[in-house]
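Data file: protein-v4.pdb. Format and content: PDB, C-alpha atoms and all ligand atoms.
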ATOM      1  CA  MET A   1      22.290  -5.353  15.055  1.00  0.00           C
ATOM      2  CA  ASP A   2      22.669  -4.052  11.500  1.00  0.00           C
ATOM      3  CA  LEU A   3      19.270  -4.674   9.896  1.00  0.00           C
ATOM      4  CA  ASN A   4      20.602  -3.517   6.520  1.00  0.00           C
ATOM      5  CA  THR A   5      22.297  -6.876   6.106  1.00  0.00           C
ATOM      6  CA  TYR A   6      18.858  -8.560   6.199  1.00  0.00           C
ATOM      7  CA  ILE A   7      17.384  -6.485   3.379  1.00  0.00           C
ATOM      8  CA  ARG A   8      18.310  -7.447  -0.151  1.00  0.00           C
ATOM      9  CA  ASP A   9      18.084  -5.412  -3.331  1.00  0.00           C
ATOM     10  CA  ILE A  10      16.298  -7.055  -6.244  1.00  0.00           C
ATOM     11  CA  LYS A  11      17.128  -5.173  -9.438  1.00  0.00           C
ATOM     12  CA  ASP A  12      14.435  -4.514 -12.048  1.00  0.00           C
ATOM     13  CA  TYR A  13      11.579  -5.903  -9.923  1.00  0.00           C
ATOM     14  CA  PRO A  14       8.625  -5.639 -10.393  1.00  0.00           C
ATOM     15  CA  LYS A  15       9.679  -3.730 -13.500  1.00  0.00           C
ATOM     16  CA  GLU A  16      12.791  -2.367 -15.169  1.00  0.00           C
ATOM     17  CA  GLY A  17      14.533   0.486 -13.364  1.00  0.00           C
ATOM     18  CA  ILE A  18      13.132  -0.319  -9.909  1.00  0.00           C
ATOM     19  CA  VAL A  19      15.382  -1.611  -7.143  1.00  0.00           C
ATOM     20  CA  PHE A  20      13.027  -3.585  -4.923  1.00  0.00           C
ATOM     21  CA  LYS A  21      13.855  -3.715  -1.211  1.00  0.00           C
ATOM     22  CA  ASP A  22      13.110  -7.311  -0.232  1.00  0.00           C
ATOM     23  CA  ILE A  23      12.592  -7.690   3.514  1.00  0.00           C
ATOM     24  CA  THR A  24      11.898 -11.456   3.505  1.00  0.00           C
ATOM     25  CA  PRO A  25      15.459 -12.274   4.741  1.00  0.00           C
ATOM     26  CA  LEU A  26      14.701 -10.086   7.777  1.00  0.00           C
ATOM     27  CA  LEU A  27      11.303 -11.706   8.333  1.00  0.00           C
ATOM     28  CA  LYS A  28      12.650 -15.264   8.285  1.00  0.00           C
ATOM     29  CA  ASP A  29      15.429 -14.599  10.818  1.00  0.00           C
ATOM     30  CA  ALA A  30      14.095 -14.902  14.373  1.00  0.00           C
ATOM     31  CA  LYS A  31      16.608 -12.466  15.891  1.00  0.00           C
ATOM     32  CA  ALA A  32      16.286  -9.857  13.143  1.00  0.00           C
ATOM     33  CA  LEU A  33      12.482 -10.053  13.267  1.00  0.00           C
ATOM     34  CA  HIS A  34      12.453  -9.564  17.022  1.00  0.00           C
ATOM     35  CA  TYR A  35      14.976  -6.739  16.837  1.00  0.00           C
ATOM     36  CA  ALA A  36      13.106  -4.913  14.051  1.00  0.00           C
ATOM     37  CA  ALA A  37       9.763  -5.149  15.889  1.00  0.00           C
ATOM     38  CA  SER A  38      11.300  -3.766  19.107  1.00  0.00           C
ATOM     39  CA  ALA A  39      13.100  -0.978  17.246  1.00  0.00           C
ATOM     40  CA  LEU A  40       9.890   0.011  15.412  1.00  0.00           C
ATOM     41  CA  LYS A  41       8.084   0.194  18.730  1.00  0.00           C
ATOM     42  CA  GLU A  42      10.878   2.385  20.133  1.00  0.00           C
ATOM     43  CA  LEU A  43      10.166   4.918  17.353  1.00  0.00           C
ATOM     44  CA  VAL A  44       6.724   5.485  18.861  1.00  0.00           C
ATOM     45  CA  LYS A  45       8.039   6.474  22.305  1.00  0.00           C
ATOM     46  CA  ASP A  46       5.406   7.400  24.896  1.00  0.00           C
ATOM     47  CA  VAL A  47       2.522   8.337  22.622  1.00  0.00           C
ATOM     48  CA  LYS A  48      -0.808   6.648  23.323  1.00  0.00           C
ATOM     49  CA  VAL A  49      -2.057   4.665  20.314  1.00  0.00           C
ATOM     50  CA  ASP A  50      -5.578   3.245  19.938  1.00  0.00           C
ATOM     51  CA  LYS A  51      -5.220   1.705  16.477  1.00  0.00           C
ATOM     52  CA  VAL A  52      -2.363   0.677  14.222  1.00  0.00           C
ATOM     53  CA  VAL A  53      -3.317   0.881  10.553  1.00  0.00           C
ATOM     54  CA  GLY A  54      -1.313  -1.286   8.148  1.00  0.00           C
ATOM     55  CA  MET A  55      -1.608  -1.314   4.382  1.00  0.00           C
ATOM     56  CA  GLU A  56      -1.803  -4.342   2.116  1.00  0.00           C
ATOM     57  CA  SER A  57       0.328  -6.218   1.570  1.00  0.00           C
ATOM     58  CA  ARG A  58       3.686  -5.711   3.197  1.00  0.00           C
ATOM     59  CA  GLY A  59       2.379  -3.357   5.874  1.00  0.00           C
ATOM     60  CA  PHE A  60       0.618  -6.428   7.287  1.00  0.00           C
ATOM     61  CA  PHE A  61       3.885  -8.009   8.444  1.00  0.00           C
ATOM     62  CA  PHE A  62       4.692  -5.579  11.230  1.00  0.00           C
ATOM     63  CA  ALA A  63       1.505  -3.582  11.870  1.00  0.00           C
ATOM     64  CA  PRO A  64      -0.220  -6.323  13.933  1.00  0.00           C
ATOM     65  CA  ILE A  65       3.027  -6.980  15.872  1.00  0.00           C
ATOM     66  CA  LEU A  66       3.271  -3.258  16.626  1.00  0.00           C
ATOM     67  CA  ALA A  67      -0.384  -3.179  17.649  1.00  0.00           C
ATOM     68  CA  ARG A  68       0.249  -5.961  20.136  1.00  0.00           C
ATOM     69  CA  GLU A  69       3.352  -4.236  21.495  1.00  0.00           C
ATOM     70  CA  LEU A  70       1.476  -0.942  21.887  1.00  0.00           C
ATOM     71  CA  ASN A  71      -1.658  -2.500  23.337  1.00  0.00           C
ATOM     72  CA  ALA A  72      -3.638  -1.163  20.397  1.00  0.00           C
ATOM     73  CA  GLY A  73      -5.998  -2.689  17.828  1.00  0.00           C
ATOM     74  CA  PHE A  74      -5.028  -3.433  14.222  1.00  0.00           C
ATOM     75  CA  VAL A  75      -6.995  -2.106  11.249  1.00  0.00           C
ATOM     76  CA  PRO A  76      -6.202  -3.257   7.676  1.00  0.00           C
ATOM     77  CA  VAL A  77      -6.248  -0.979   4.637  1.00  0.00           C
ATOM     78  CA  ARG A  78      -6.825  -3.148   1.586  1.00  0.00           C
ATOM     79  CA  LYS A  79      -6.904  -3.150  -2.179  1.00  0.00           C
ATOM     80  CA  PRO A  80     -10.355  -2.805  -3.765  1.00  0.00           C
ATOM     81  CA  GLY A  81     -12.990  -5.478  -3.185  1.00  0.00           C
ATOM     82  CA  LYS A  82     -11.270  -7.312  -0.319  1.00  0.00           C
ATOM     83  CA  LEU A  83     -13.093  -5.888   2.708  1.00  0.00           C
ATOM     84  CA  PRO A  84     -16.517  -7.433   3.332  1.00  0.00           C
ATOM     85  CA  SER A  85     -18.356  -4.686   5.216  1.00  0.00           C
ATOM     86  CA  ARG A  86     -19.082  -1.014   4.450  1.00  0.00           C
ATOM     87  CA  ILE A  87     -15.954   0.794   3.252  1.00  0.00           C
ATOM     88  CA  ILE A  88     -14.665   4.226   2.315  1.00  0.00           C
ATOM     89  CA  LYS A  89     -12.003   4.555  -0.377  1.00  0.00           C
ATOM     90  CA  GLU A  90      -9.289   6.871  -1.671  1.00  0.00           C
ATOM     91  CA  THR A  91      -7.871   6.893  -5.184  1.00  0.00           C
ATOM     92  CA  TYR A  92      -4.372   8.284  -5.686  1.00  0.00           C
ATOM     93  CA  GLU A  93      -1.938   8.919  -8.520  1.00  0.00           C
ATOM     94  CA  LEU A  94       0.832   6.513  -9.444  1.00  0.00           C
ATOM     95  CA  GLU A  95       3.629   7.084 -11.954  1.00  0.00           C
ATOM     96  CA  TYR A  96       1.342   5.518 -14.555  1.00  0.00           C
ATOM     97  CA  GLY A  97      -2.366   5.559 -13.735  1.00  0.00           C
ATOM     98  CA  THR A  98      -4.078   5.415 -10.365  1.00  0.00           C
ATOM     99  CA  ASP A  99      -4.598   3.057  -7.452  1.00  0.00           C
ATOM    100  CA  THR A 100      -7.343   2.743  -4.844  1.00  0.00           C
ATOM    101  CA  LEU A 101      -7.253   1.741  -1.180  1.00  0.00           C
ATOM    102  CA  GLU A 102     -10.157   0.915   1.110  1.00  0.00           C
ATOM    103  CA  ILE A 103     -10.818   0.807   4.861  1.00  0.00           C
ATOM    104  CA  HIS A 104     -13.850  -0.352   6.806  1.00  0.00           C
ATOM    105  CA  ALA A 105     -16.015   2.643   7.702  1.00  0.00           C
ATOM    106  CA  ASP A 106     -16.176   1.424  11.316  1.00  0.00           C
ATOM    107  CA  GLY A 107     -12.422   0.666  11.502  1.00  0.00           C
ATOM    108  CA  ILE A 108     -11.571   3.897  13.301  1.00  0.00           C
ATOM    109  CA  SER A 109     -13.760   5.851  15.714  1.00  0.00           C
ATOM    110  CA  LYS A 110     -13.758   9.622  15.951  1.00  0.00           C
ATOM    111  CA  GLY A 111     -10.904  10.955  18.099  1.00  0.00           C
ATOM    112  CA  GLU A 112      -8.891   7.733  18.150  1.00  0.00           C
ATOM    113  CA  LYS A 113      -5.110   8.047  18.042  1.00  0.00           C
ATOM    114  CA  VAL A 114      -3.751   6.198  15.026  1.00  0.00           C
ATOM    115  CA  LEU A 115      -0.306   4.953  14.070  1.00  0.00           C
ATOM    116  CA  ILE A 116       0.156   4.239  10.369  1.00  0.00           C
ATOM    117  CA  HIS A 117       2.671   1.586   9.373  1.00  0.00           C
ATOM    118  CA  ASP A 118       4.062   0.331   6.068  1.00  0.00           C
ATOM    119  CA  ASP A 119       7.289  -1.457   5.182  1.00  0.00           C
ATOM    120  CA  VAL A 120       8.613   1.108   2.682  1.00  0.00           C
ATOM    121  CA  LEU A 121       8.080   4.861   2.214  1.00  0.00           C
ATOM    122  CA  ALA A 122       8.835   5.577  -1.447  1.00  0.00           C
ATOM    123  CA  THR A 123       7.001   8.474  -3.172  1.00  0.00           C
ATOM    124  CA  GLY A 124       4.537   8.769  -0.287  1.00  0.00           C
ATOM    125  CA  GLY A 125       1.385   8.402  -2.400  1.00  0.00           C
ATOM    126  CA  THR A 126       0.230   5.276  -0.577  1.00  0.00           C
ATOM    127  CA  ALA A 127       0.770   6.672   2.921  1.00  0.00           C
ATOM    128  CA  GLU A 128      -0.867   9.978   1.967  1.00  0.00           C
ATOM    129  CA  ALA A 129      -4.000   8.122   0.798  1.00  0.00           C
ATOM    130  CA  VAL A 130      -4.079   6.133   4.048  1.00  0.00           C
ATOM    131  CA  CYS A 131      -3.749   9.352   6.094  1.00  0.00           C
ATOM    132  CA  LYS A 132      -6.764  10.732   4.225  1.00  0.00           C
ATOM    133  CA  LEU A 133      -8.827   7.599   4.919  1.00  0.00           C
ATOM    134  CA  VAL A 134      -8.003   7.715   8.629  1.00  0.00           C
ATOM    135  CA  GLU A 135      -8.786  11.430   8.916  1.00  0.00           C
ATOM    136  CA  ARG A 136     -12.078  11.055   7.046  1.00  0.00           C
ATOM    137  CA  LEU A 137     -13.109   8.648   9.790  1.00  0.00           C
ATOM    138  CA  GLY A 138     -12.097  11.166  12.473  1.00  0.00           C
ATOM    139  CA  GLY A 139      -8.842   9.487  13.491  1.00  0.00           C
ATOM    140  CA  GLU A 140      -5.908  11.530  14.744  1.00  0.00           C
ATOM    141  CA  ILE A 141      -2.596  10.437  13.211  1.00  0.00           C
ATOM    142  CA  VAL A 142       0.173  10.311  15.787  1.00  0.00           C
ATOM    143  CA  GLN A 143       2.870   8.963  13.465  1.00  0.00           C
ATOM    144  CA  CYS A 144       3.565   7.426  10.068  1.00  0.00           C
ATOM    145  CA  ASN A 145       6.015   4.656  10.767  1.00  0.00           C
ATOM    146  CA  PHE A 146       8.121   2.714   8.238  1.00  0.00           C
ATOM    147  CA  LEU A 147      10.747   0.035   8.283  1.00  0.00           C
ATOM    148  CA  LEU A 148      12.662   1.854   5.593  1.00  0.00           C
ATOM    149  CA  GLU A 149      12.501   5.120   3.710  1.00  0.00           C
ATOM    150  CA  LEU A 150      13.868   5.781   0.218  1.00  0.00           C
ATOM    151  CA  ASP A 151      15.015   9.332   0.975  1.00  0.00           C
ATOM    152  CA  PHE A 152      15.753  10.242  -2.652  1.00  0.00           C
ATOM    153  CA  LEU A 153      12.060   9.870  -3.584  1.00  0.00           C
ATOM    154  CA  LYS A 154      11.119  12.545  -1.037  1.00  0.00           C
ATOM    155  CA  GLY A 155       7.998  10.818   0.250  1.00  0.00           C
ATOM    156  CA  ASN A 156       8.310  12.936   3.388  1.00  0.00           C
ATOM    157  CA  LYS A 157       7.271  15.992   1.337  1.00  0.00           C
ATOM    158  CA  LYS A 158       3.913  14.378   0.543  1.00  0.00           C
ATOM    159  CA  LEU A 159       3.442  13.680   4.246  1.00  0.00           C
ATOM    160  CA  LYS A 160       4.159  17.239   5.363  1.00  0.00           C
ATOM    161  CA  GLY A 161       2.584  18.012   8.712  1.00  0.00           C
ATOM    162  CA  TYR A 162       2.719  14.398   9.897  1.00  0.00           C
ATOM    163  CA  GLU A 163       5.379  12.913  12.133  1.00  0.00           C
ATOM    164  CA  ILE A 164       7.375  10.432  10.058  1.00  0.00           C
ATOM    165  CA  SER A 165       9.665   7.841  11.609  1.00  0.00           C
ATOM    166  CA  SER A 166      11.682   5.305   9.653  1.00  0.00           C
ATOM    167  CA  LEU A 167      14.039   2.732  11.066  1.00  0.00           C
ATOM    168  CA  LEU A 168      16.345   2.702   8.042  1.00  0.00           C
ATOM    169  CA  HIS A 169      17.136   5.293   5.374  1.00  0.00           C
ATOM    170  CA  TYR A 170      18.444   4.737   1.858  1.00  0.00           C
TER     171      TYR A 170
HETATM  172  P1  LIG B 201       4.808   4.897  -2.455  1.00  0.00           P
HETATM  173  O1  LIG B 201       3.333   5.067  -2.527  1.00  0.00           O
HETATM  174  O2  LIG B 201       5.508   5.319  -3.692  1.00  0.00           O
HETATM  175  O3  LIG B 201       5.397   5.548  -1.208  1.00  0.00           O
HETATM  176  O4  LIG B 201       5.108   3.345  -2.368  1.00  0.00           O
HETATM  177  C1  LIG B 201       4.982   2.688  -1.190  1.00  0.00           C
HETATM  178  C2  LIG B 201       4.461   1.286  -1.372  1.00  0.00           C
HETATM  179  O5  LIG B 201       5.068   0.592  -2.460  1.00  0.00           O
HETATM  180  C3  LIG B 201       4.755   0.490  -0.146  1.00  0.00           C
HETATM  181  O6  LIG B 201       3.591  -0.218   0.193  1.00  0.00           O
HETATM  182  C4  LIG B 201       5.896  -0.425  -0.521  1.00  0.00           C
HETATM  183  O7  LIG B 201       5.642  -1.730  -0.067  1.00  0.00           O
HETATM  184  C5  LIG B 201       5.974  -0.396  -2.035  1.00  0.00           C
HETATM  185  N1  LIG B 201       7.290  -0.020  -2.573  1.00  0.00           N
HETATM  186  C6  LIG B 201       7.562   1.086  -3.292  1.00  0.00           C
HETATM  187  N2  LIG B 201       8.823   1.109  -3.707  1.00  0.00           N
HETATM  188  C7  LIG B 201       9.405  -0.007  -3.215  1.00  0.00           C
HETATM  189  C8  LIG B 201      10.725  -0.559  -3.294  1.00  0.00           C
HETATM  190  N3  LIG B 201      11.717   0.046  -3.957  1.00  0.00           N
HETATM  191  N4  LIG B 201      10.952  -1.719  -2.651  1.00  0.00           N
HETATM  192  C9  LIG B 201       9.970  -2.343  -1.981  1.00  0.00           C
HETATM  193  N5  LIG B 201       8.709  -1.872  -1.884  1.00  0.00           N
HETATM  194  C10 LIG B 201       8.423  -0.722  -2.501  1.00  0.00           C
END

What does the file become when written as structure tokens?
Ligand code: AMP
Amino acid sequence: MDLNTYIRDIKDYPKEGIVFKDITPLLKDAKALHYAASALKELVKDVKVDKVVGMESRGFFFAPILARELNAGFVPVRKPGKLPSRIIKETYELEYGTDTLEIHADGISKGEKVLIHDDVLATGGTAEAVCKLVERLGGEIVQCNFLLELDFLKGNKKLKGYEISSLLHY
């Protein structure tokens, strides 16, 4: 199945000059959704995973499905102020300004094997911040896993030292 046909480009969204990769056509198609979830799981191979960490918002679509497939738990990374219990946070640079992500301090236990998932790897800033959060809690990152990677933005450079696996490349 060619998943590319289920991802549509939205020009100048959310702002001018950005081509937004919209995965909602893939999500709403039963066959494409099933195929994508299975293919994402295949990227993980035989590695044991204790927790799948997904980042708000679009990482939440597949991370819990992957967690179920891998017999692992799911841990959300959220934007500031959304998690109710004790958190740790990381602030990272964007093109203009900064952003902050938070995780529950008890989300990951020391020594747990963690798979990180998001829909898109662009510049890598988001995934890098999530890697830092997980490692601060003592988690061991087994893979950073994405539905699609925008190769020209070289996000893989920011994630040097981590195993990166993306289903689709643009
Ligand atoms: P980055 O930190 O630059 O790697 O950006 C990754 C985050 O931004 C992911 O959570 C994506 O959901 C979102 N993102 C960045 N660029 C795009 C794009 N062109 N299309 C869709 N989502 C994007």

Exercise. Decode the PyMOL selection byres (((chain A and resi 62) around 9) and not hetatm) for the given file into explicit residues and return them as a list in words.
Key: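 So the PyMOL selection byres (((chain A and resi 62) around 9) and not hetatm) ends up selecting Ala36, Ala37, Leu40, Gly54, Arg58, Gly59, Phe60, Phe61, Ala63, Pro64, Ile65, Leu66, Ala67, His117, Asp118, Asp119 and Leu147 of chain A.
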
Quiz item: Selected by the PyMOL selection byres (((not hetatm)) within 7 of (chain B and resi 201)) in the shown coordinates: which residues, as a ChimeraX atom specification?
Solution: /A:18-22,55,57-59,118-127,155

Exercise. Just the residues within 8 Å of Ile87 in chain A, please, counting only C-alpha atoms, with nothing from its chain fewer than 3 positions along; format it as a PyMOL selection string.
Key: chain A and resi 83+102-105

Practice problem: Name the residues, using the chain letters and numbers of the file, that sit within 6 Å of (5.2, 8.1, 7.9) when counting only C-alpha atoms, and give them as a PyMOL selection string. | Solution: chain A and resi 144-145+164-165

Practice problem: Could you list the residues chosen by the PyMOL selection byres (((chain A and resi 68-70) around 12) and not hetatm) in this structure as a ChimeraX atom specification? | Solution: /A:34,37-52,62-67,71-74,113-115

Practice problem: Considering only C-alpha atoms, state which residue in the set A:Val142, A:Lys158, A:Gly97, A:Ile7 is at the smallest distance from Leu33 in chain A. | Solution: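 With only C-alpha atoms as the atom set, the closest residue is A:Ile7.
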
Quiz item: Taking into account all atoms listed in the file, which residue in the set A:Leu101, A:Val53, A:Val75, A:Leu168 is nearest to Ile141 in chain A?
Solution: A:Val53

Quiz prompt | Atom pair CA of Asn4 in chain A / CA of Lys154 in chain A: separation (Å) | solution =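 Rounded to one decimal, the two atoms are 20.1 Å apart.
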
Quiz prompt | Nearest residue to Thr24 in chain A from the set A:Arg136, A:His169, A:Arg8, A:Lys110 (distances using all atoms listed in the file) | solution = A:Arg8

Could you pull the residues within 9 Å of Thr5 in chain A, counting only C-alpha atoms, minus those fewer than 3 positions along the same chain, as a short mmCIF file (atom, residue, chain, number, x, y, z; two decimals) with C-alpha atoms, in the frame of the given file?
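Result file follows (part.cif):
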data_model
loop_
_atom_site.label_atom_id
_atom_site.label_comp_id
_atom_site.auth_asym_id
_atom_site.auth_seq_id
_atom_site.Cartn_x
_atom_site.Cartn_y
_atom_site.Cartn_z
CA ASP A 2 22.67 -4.05 11.50
CA ARG A 8 18.31 -7.45 -0.15
CA PRO A 25 15.46 -12.27 4.74
CA LEU A 26 14.70 -10.09 7.78
#

Self-check item: Separation of CA of Phe146 in chain A from CA of Glu56 in chain A in Å
Solution: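 Value for the CA of Glu56 in chain A-CA of Phe146 in chain A distance: 13.6 Å.
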
Quiz item: For Gly139 in chain A, which residue among A:Asn156, A:Thr100, A:Ser109, A:Thr91 is the nearest when counting all atoms listed in the file?
Solution: A:Ser109

Self-check item: Between CA of Glu163 in chain A and CA of Gln143 in chain A, distance in Å (one decimal)
Solution: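 Interatomic distance here is 4.9 Å.
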
Quiz prompt | Closest of A:Glu140, A:Glu128, A:Glu112, A:Glu135 to Ile88 in chain A - atom-to-atom distances counting all atoms listed in the file | solution = A:Glu135

Would you mind putting N, CA and C atoms back on range 67-93 of chain A and writing the result as a PDB file, in the coordinates of the input?
ATOM      1  N   ALA A  67       0.870  -3.378  16.923  1.00  0.00           N
ATOM      2  CA  ALA A  67      -0.384  -3.179  17.649  1.00  0.00           C
ATOM      3  C   ALA A  67      -0.343  -3.933  18.975  1.00  0.00           C
ATOM      4  N   ARG A  68       0.158  -5.156  18.921  1.00  0.00           N
ATOM      5  CA  ARG A  68       0.249  -5.961  20.136  1.00  0.00           C
ATOM      6  C   ARG A  68       1.210  -5.314  21.138  1.00  0.00           C
ATOM      7  N   GLU A  69       2.344  -4.877  20.636  1.00  0.00           N
ATOM      8  CA  GLU A  69       3.352  -4.236  21.495  1.00  0.00           C
ATOM      9  C   GLU A  69       2.820  -2.964  22.142  1.00  0.00           C
ATOM     10  N   LEU A  70       1.968  -2.254  21.409  1.00  0.00           N
ATOM     11  CA  LEU A  70       1.476  -0.942  21.887  1.00  0.00           C
ATOM     12  C   LEU A  70       0.123  -1.058  22.584  1.00  0.00           C
ATOM     13  N   ASN A  71      -0.349  -2.292  22.721  1.00  0.00           N
ATOM     14  CA  ASN A  71      -1.658  -2.500  23.337  1.00  0.00           C
ATOM     15  C   ASN A  71      -2.776  -1.796  22.565  1.00  0.00           C
ATOM     16  N   ALA A  72      -2.662  -1.831  21.262  1.00  0.00           N
ATOM     17  CA  ALA A  72      -3.638  -1.163  20.397  1.00  0.00           C
ATOM     18  C   ALA A  72      -4.319  -2.215  19.519  1.00  0.00           C
ATOM     19  N   GLY A  73      -5.365  -1.809  18.802  1.00  0.00           N
ATOM     20  CA  GLY A  73      -5.998  -2.689  17.828  1.00  0.00           C
ATOM     21  C   GLY A  73      -5.318  -2.537  16.473  1.00  0.00           C
ATOM     22  N   PHE A  74      -5.576  -3.486  15.581  1.00  0.00           N
ATOM     23  CA  PHE A  74      -5.028  -3.433  14.222  1.00  0.00           C
ATOM     24  C   PHE A  74      -6.164  -3.261  13.221  1.00  0.00           C
ATOM     25  N   VAL A  75      -5.979  -2.344  12.284  1.00  0.00           N
ATOM     26  CA  VAL A  75      -6.995  -2.106  11.249  1.00  0.00           C
ATOM     27  C   VAL A  75      -6.327  -2.213   9.868  1.00  0.00           C
ATOM     28  N   PRO A  76      -6.802  -3.116   9.004  1.00  0.00           N
ATOM     29  CA  PRO A  76      -6.202  -3.257   7.676  1.00  0.00           C
ATOM     30  C   PRO A  76      -6.750  -2.248   6.665  1.00  0.00           C
ATOM     31  N   VAL A  77      -5.848  -1.727   5.836  1.00  0.00           N
ATOM     32  CA  VAL A  77      -6.248  -0.979   4.637  1.00  0.00           C
ATOM     33  C   VAL A  77      -5.961  -1.906   3.471  1.00  0.00           C
ATOM     34  N   ARG A  78      -6.984  -2.112   2.601  1.00  0.00           N
ATOM     35  CA  ARG A  78      -6.825  -3.148   1.586  1.00  0.00           C
ATOM     36  C   ARG A  78      -7.072  -2.632   0.170  1.00  0.00           C
ATOM     37  N   LYS A  79      -6.643  -3.445  -0.773  1.00  0.00           N
ATOM     38  CA  LYS A  79      -6.904  -3.150  -2.179  1.00  0.00           C
ATOM     39  C   LYS A  79      -8.392  -3.367  -2.454  1.00  0.00           C
ATOM     40  N   PRO A  80      -8.908  -2.795  -3.531  1.00  0.00           N
ATOM     41  CA  PRO A  80     -10.355  -2.805  -3.765  1.00  0.00           C
ATOM     42  C   PRO A  80     -10.996  -4.200  -3.761  1.00  0.00           C
ATOM     43  N   GLY A  81     -12.171  -4.271  -3.134  1.00  0.00           N
ATOM     44  CA  GLY A  81     -12.990  -5.478  -3.185  1.00  0.00           C
ATOM     45  C   GLY A  81     -12.651  -6.549  -2.167  1.00  0.00           C
ATOM     46  N   LYS A  82     -11.712  -6.272  -1.258  1.00  0.00           N
ATOM     47  CA  LYS A  82     -11.270  -7.312  -0.319  1.00  0.00           C
ATOM     48  C   LYS A  82     -11.966  -7.216   1.036  1.00  0.00           C
ATOM     49  N   LEU A  83     -12.472  -6.045   1.384  1.00  0.00           N
ATOM     50  CA  LEU A  83     -13.093  -5.888   2.708  1.00  0.00           C
ATOM     51  C   LEU A  83     -14.595  -6.136   2.600  1.00  0.00           C
ATOM     52  N   PRO A  84     -15.144  -6.964   3.505  1.00  0.00           N
ATOM     53  CA  PRO A  84     -16.517  -7.433   3.332  1.00  0.00           C
ATOM     54  C   PRO A  84     -17.606  -6.471   3.782  1.00  0.00           C
ATOM     55  N   SER A  85     -17.298  -5.543   4.681  1.00  0.00           N
ATOM     56  CA  SER A  85     -18.356  -4.686   5.216  1.00  0.00           C
ATOM     57  C   SER A  85     -18.312  -3.312   4.530  1.00  0.00           C
ATOM     58  N   ARG A  86     -19.012  -2.334   5.091  1.00  0.00           N
ATOM     59  CA  ARG A  86     -19.082  -1.014   4.450  1.00  0.00           C
ATOM     60  C   ARG A  86     -17.703  -0.345   4.485  1.00  0.00           C
ATOM     61  N   ILE A  87     -17.302   0.210   3.350  1.00  0.00           N
ATOM     62  CA  ILE A  87     -15.954   0.794   3.252  1.00  0.00           C
ATOM     63  C   ILE A  87     -16.028   2.263   2.818  1.00  0.00           C
ATOM     64  N   ILE A  88     -14.907   2.978   3.029  1.00  0.00           N
ATOM     65  CA  ILE A  88     -14.665   4.226   2.315  1.00  0.00           C
ATOM     66  C   ILE A  88     -13.373   4.015   1.533  1.00  0.00           C
ATOM     67  N   LYS A  89     -13.193   4.776   0.444  1.00  0.00           N
ATOM     68  CA  LYS A  89     -12.003   4.555  -0.377  1.00  0.00           C
ATOM     69  C   LYS A  89     -11.338   5.855  -0.807  1.00  0.00           C
ATOM     70  N   GLU A  90     -10.063   5.747  -1.143  1.00  0.00           N
ATOM     71  CA  GLU A  90      -9.289   6.871  -1.671  1.00  0.00           C
ATOM     72  C   GLU A  90      -8.564   6.387  -2.917  1.00  0.00           C
ATOM     73  N   THR A  91      -8.628   7.193  -3.969  1.00  0.00           N
ATOM     74  CA  THR A  91      -7.871   6.893  -5.184  1.00  0.00           C
ATOM     75  C   THR A  91      -6.724   7.890  -5.281  1.00  0.00           C
ATOM     76  N   TYR A  92      -5.542   7.394  -5.630  1.00  0.00           N
ATOM     77  CA  TYR A  92      -4.372   8.284  -5.686  1.00  0.00           C
ATOM     78  C   TYR A  92      -3.552   7.993  -6.942  1.00  0.00           C
ATOM     79  N   GLU A  93      -2.722   8.984  -7.278  1.00  0.00           N
ATOM     80  CA  GLU A  93      -1.938   8.919  -8.520  1.00  0.00           C
ATOM     81  C   GLU A  93      -0.704   8.044  -8.361  1.00  0.00           C
TER      82      GLU A  93
END
